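Enquirer: Below is the structure I would like to discuss, written out as structure tokens.
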Amino acid sequence: MGQAAVVPDDFDAWVRPHLLAMTRLACRLAGDDSADDVVQEALTRAWRRRSTYDPAKGEPLPWLLAITADRARRHRQRLWVTHPLPERAAPAVDDDGRLDVAAAVARLPRKQRLAVELHYFVGLDTATTAAALGCAVGTVKSQLSDARRRLRVELGDR
Amino acid sequence: MDDNQMDLLLQEAGEAFRGTHTRAAEPRAAVITRGAGTAPDRSRRWLLPAGAAAATAVVVIGLAVAIPDDSGTRRPAAAVSVPLAMNRVKGIAVSADWLAVAGGDYTATPIRERIDLRRRSTPGEVAATVTTTYDSGLLLCPALDGDTLLWTDVAAPQLPGPGLPWSLWERDLRTGETRQLDTGAVGAGALPCPRAGQGWAAWSTGGDLSARDLSAGFTYTRPDPAVPVAITPAGLLATTRSADEVTLVLRTGESYGTRKVVRALPAGSHVAAAGERAVVQHDDPVAGGPPRTGTVRSCTIPACSDLTELARGPVSVWPVVGDGFVAWRRSGAAPEVVRFDGGAAPSGLPAGLVVNEAIAAAGDTLVYATLDGEPRLHVVRITSRS
């Protein structure tokens, strides 16, 4: 299969079915205000690297989400330097005593957090999540289990 | 709470999130797929550092950009556009972040664990490189004054984060002599980013403001929460920030020992300055979304009592100020340049996707990067007088 057939020339039509998932992941990892910029960066990156996409290895969605996660990480890295850090970590319980799941998820180790964001918040099944993370389905299930255990420690007894 | 309950809680949180996030980003196809139908050309890909100088010399493209002189007549200006070099970390291609700063005869381009220096007369060649002192580090915030380069080096195995060590460095570009000026661990605030000008450098750490006489090699550190903006002929301009306002401060006198509050600005304002001009950019906050309105204003240092509106609307990259001009960028567009003397703005500057704070000004020169298609560094001389 030649390169032209690997990724259709109509790049816009090729990525459009996946834009919502990319945008949701960008919102989760970089914030609502930065999501559009992160998705644009991810699409530009995807366009430049389109020759490296191999359809034999899976659907385009995991490939695009992996790029989106990488761009979101870089975006956060840039913001971190130009904006002051919060003086303390966000509490797991807000002022009204409600559980703040988002704050607790944000404090998970990077791989566990990505698995949680993709599976629960973007809404992917474990197979697609595994493809996006470049690991086995069993690894994703293990990461999700570890993440839930951590979250229970942080949220469960409150 | 058991595992099933936690699973249910996360499912409900995810469904609630998806229910409120139903809008997909709209791709800017013209930007993303410029050159559609052409396979990536390896000869135009980013270049490994070792071969960068030789290879970039081959692909430097001269651009004639129409810059109006004082009479309003457009004429070609000295402008070049070159590919940015790339580096590789553990085999992974890394994009050029944290671009760029210009000063003296150089432009400095931080690329993760190193900073490339190019002479402004030959931007296609990497004249010198400085590298991180940590096993895995990021070089950030380059500042240039004459032949002196300053930068911040932070240990960053993944993301820069609390507790990681940083160090602030100075190098004499003529002799290569390098000194460590300050060290610390990342705390609650932003990293110290040095500013340079008028033969001095300044940076802020944990409530202290340091000013260094670059020729004498002596650093004065005083308690002051202000963060340096620029070192101008009128003094060291700095800002303090609170939830209610941004306060513009000017330090003057011997070793900048005298402190004076210039004026208050709206909370969230960003200030840039050079020469006799300060520029204040402020985006009006919008709950739950990106800003849609804002202003770019300028004033004369030191009083800054004559704030004048230059432009409306939010900008995606904060303005930078050079001698006689201010420039900023909006996403996907070429830089917008306004001359303080009221002359016509230049047109025809290369446009591209805005990434990072990828724009800098020094003297009569504007430097910026575009990263769509292939990353390119643009060096444009904005001559305010013919």
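Within each chain, counting starts at residue 1; across the structure tokens, chains are named A, B, ... in the order shown, with ligands numbered 1 upward in that order.
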Can you pull out the residues contacting Glu276 in chain B? Cut-off 8 Å, using only C-alpha atoms, and skip same-chain residues under 6 positions away; I want them as a count of residues only.
Expert: 6
Enquirer: Please determine, counting only C-alpha atoms, which residue among A:Arg150, A:Ala104, A:Tyr120, A:Tyr53 has the shortest atom-to-atom distance to chain B.
Expert: A:Tyr120
Enquirer: Set the distance at 7 Å and use only C-alpha atoms: which residues neighbour Ile382 in chain B once local chain neighbours fewer than 4 positions away are removed? I'd like the list as a VMD selection string.
Expert: chain B and resid 364 to 366
Enquirer: Output the selection as a JSON list (two decimals), in the first residue's frame - C-alpha atoms for each residue.
Expert:
[["chain", "number", "residue", "atom", "x", "y", "z"],
["B", 364, "ASP", "CA", 15.18, 47.01, 15.27],
["B", 365, "THR", "CA", 14.70, 43.27, 14.76],
["B", 366, "LEU", "CA", 11.72, 40.96, 15.18]]
Enquirer: Of the candidates A:Gly58, A:Gln112, A:Ala69, A:Ser145, which one gets nearest to chain B if we count only C-alpha atoms?
Expert: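 The shortest atom-to-atom distance to chain B comes from A:Ser145.
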Enquirer: Rank A:Gly138, A:Trp14, A:Lys111, A:Glu117 by their smallest atom-to-atom distance to chain B, using only C-alpha atoms, and report the top residue only.
Expert: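 The shortest atom-to-atom distance to chain B comes from A:Glu117.
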Enquirer: So that I can check the surroundings of Thr183 in chain B, please list as a PDB file with N, CA and C atoms, in the first residue's frame every protein, DNA and RNA residue that reaches within 12 Å of it, counting only C-alpha atoms and ignoring chain neighbours fewer than 6 positions away.
Expert:
ATOM      1  N   TRP B 151      20.620  32.434  31.179  1.00  0.00           N
ATOM      2  CA  TRP B 151      19.531  31.482  31.016  1.00  0.00           C
ATOM      3  C   TRP B 151      19.281  30.745  32.320  1.00  0.00           C
ATOM      4  N   THR B 152      18.160  30.038  32.365  1.00  0.00           N
ATOM      5  CA  THR B 152      17.799  29.216  33.520  1.00  0.00           C
ATOM      6  C   THR B 152      17.825  27.755  33.101  1.00  0.00           C
ATOM      7  N   ASP B 153      18.454  26.936  33.929  1.00  0.00           N
ATOM      8  CA  ASP B 153      18.569  25.493  33.686  1.00  0.00           C
ATOM      9  C   ASP B 153      17.786  24.792  34.788  1.00  0.00           C
ATOM     10  N   VAL B 154      16.840  23.955  34.434  1.00  0.00           N
ATOM     11  CA  VAL B 154      16.045  23.269  35.456  1.00  0.00           C
ATOM     12  C   VAL B 154      16.075  21.769  35.194  1.00  0.00           C
ATOM     13  N   ALA B 155      16.279  21.011  36.260  1.00  0.00           N
ATOM     14  CA  ALA B 155      16.221  19.553  36.142  1.00  0.00           C
ATOM     15  C   ALA B 155      14.773  19.161  35.901  1.00  0.00           C
ATOM     16  N   LEU B 164      12.359  20.336  42.328  1.00  0.00           N
ATOM     17  CA  LEU B 164      13.455  20.075  41.393  1.00  0.00           C
ATOM     18  C   LEU B 164      14.448  21.247  41.412  1.00  0.00           C
ATOM     19  N   PRO B 165      15.732  20.935  41.310  1.00  0.00           N
ATOM     20  CA  PRO B 165      16.728  22.011  41.356  1.00  0.00           C
ATOM     21  C   PRO B 165      16.780  22.823  40.062  1.00  0.00           C
ATOM     22  N   TRP B 166      17.066  24.110  40.198  1.00  0.00           N
ATOM     23  CA  TRP B 166      17.316  24.967  39.039  1.00  0.00           C
ATOM     24  C   TRP B 166      18.604  25.739  39.291  1.00  0.00           C
ATOM     25  N   SER B 167      19.173  26.240  38.231  1.00  0.00           N
ATOM     26  CA  SER B 167      20.342  27.104  38.351  1.00  0.00           C
ATOM     27  C   SER B 167      20.281  28.163  37.262  1.00  0.00           C
ATOM     28  N   LEU B 168      20.833  29.323  37.565  1.00  0.00           N
ATOM     29  CA  LEU B 168      20.810  30.446  36.626  1.00  0.00           C
ATOM     30  C   LEU B 168      22.239  30.755  36.212  1.00  0.00           C
ATOM     31  N   TRP B 169      22.463  30.908  34.908  1.00  0.00           N
ATOM     32  CA  TRP B 169      23.818  30.949  34.366  1.00  0.00           C
ATOM     33  C   TRP B 169      24.053  32.206  33.525  1.00  0.00           C
ATOM     34  N   LEU B 191       9.555  29.768  37.722  1.00  0.00           N
ATOM     35  CA  LEU B 191      11.006  29.755  37.680  1.00  0.00           C
ATOM     36  C   LEU B 191      11.542  31.173  37.516  1.00  0.00           C
ATOM     37  N   PRO B 192      12.735  31.455  38.068  1.00  0.00           N
ATOM     38  CA  PRO B 192      13.332  32.761  37.814  1.00  0.00           C
ATOM     39  C   PRO B 192      13.775  32.873  36.358  1.00  0.00           C
ATOM     40  N   TRP B 203      16.733  39.265  37.971  1.00  0.00           N
ATOM     41  CA  TRP B 203      15.835  38.114  38.101  1.00  0.00           C
ATOM     42  C   TRP B 203      15.236  38.117  39.496  1.00  0.00           C
ATOM     43  N   SER B 204      14.213  37.314  39.677  1.00  0.00           N
ATOM     44  CA  SER B 204      13.468  37.291  40.925  1.00  0.00           C
ATOM     45  C   SER B 204      13.434  35.879  41.475  1.00  0.00           C
ATOM     46  N   THR B 205      13.680  35.749  42.786  1.00  0.00           N
ATOM     47  CA  THR B 205      13.586  34.433  43.433  1.00  0.00           C
ATOM     48  C   THR B 205      12.943  34.601  44.795  1.00  0.00           C
ATOM     49  N   GLY B 206      11.833  33.974  45.003  1.00  0.00           N
ATOM     50  CA  GLY B 206      11.230  33.866  46.328  1.00  0.00           C
ATOM     51  C   GLY B 206      11.144  35.150  47.125  1.00  0.00           C
TER      52      GLY B 206
END
Enquirer: For chain A, which of B:Ser136, B:Ser298, B:Thr20, B:Thr129 is the closest residue, counting only C-alpha atoms?
Expert: B:Thr20
Enquirer: Between CA of Thr68 in chain A and CA of Ala26 in chain A, what distance in Å does the model show, to one decimal?
Expert: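 It comes out at 6.6 Å.
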Enquirer: From the list B:Pro223, B:Gly294, B:Gly19, B:Gly363, which residue is nearest chain A when using only C-alpha atoms?
Expert: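 Looking only at the distances to chain A, the closest residue turns out to be B:Gly19.
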Enquirer: Show me, as a list in words, the residues that have an atom within 7 Å of Ala115 in chain A when counting only C-alpha atoms, minus same-chain residues fewer than 6 positions from it.
Expert: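 Surrounding residues, per the criterion: Thr129, Val140, Gln143 and Leu144 of chain A.
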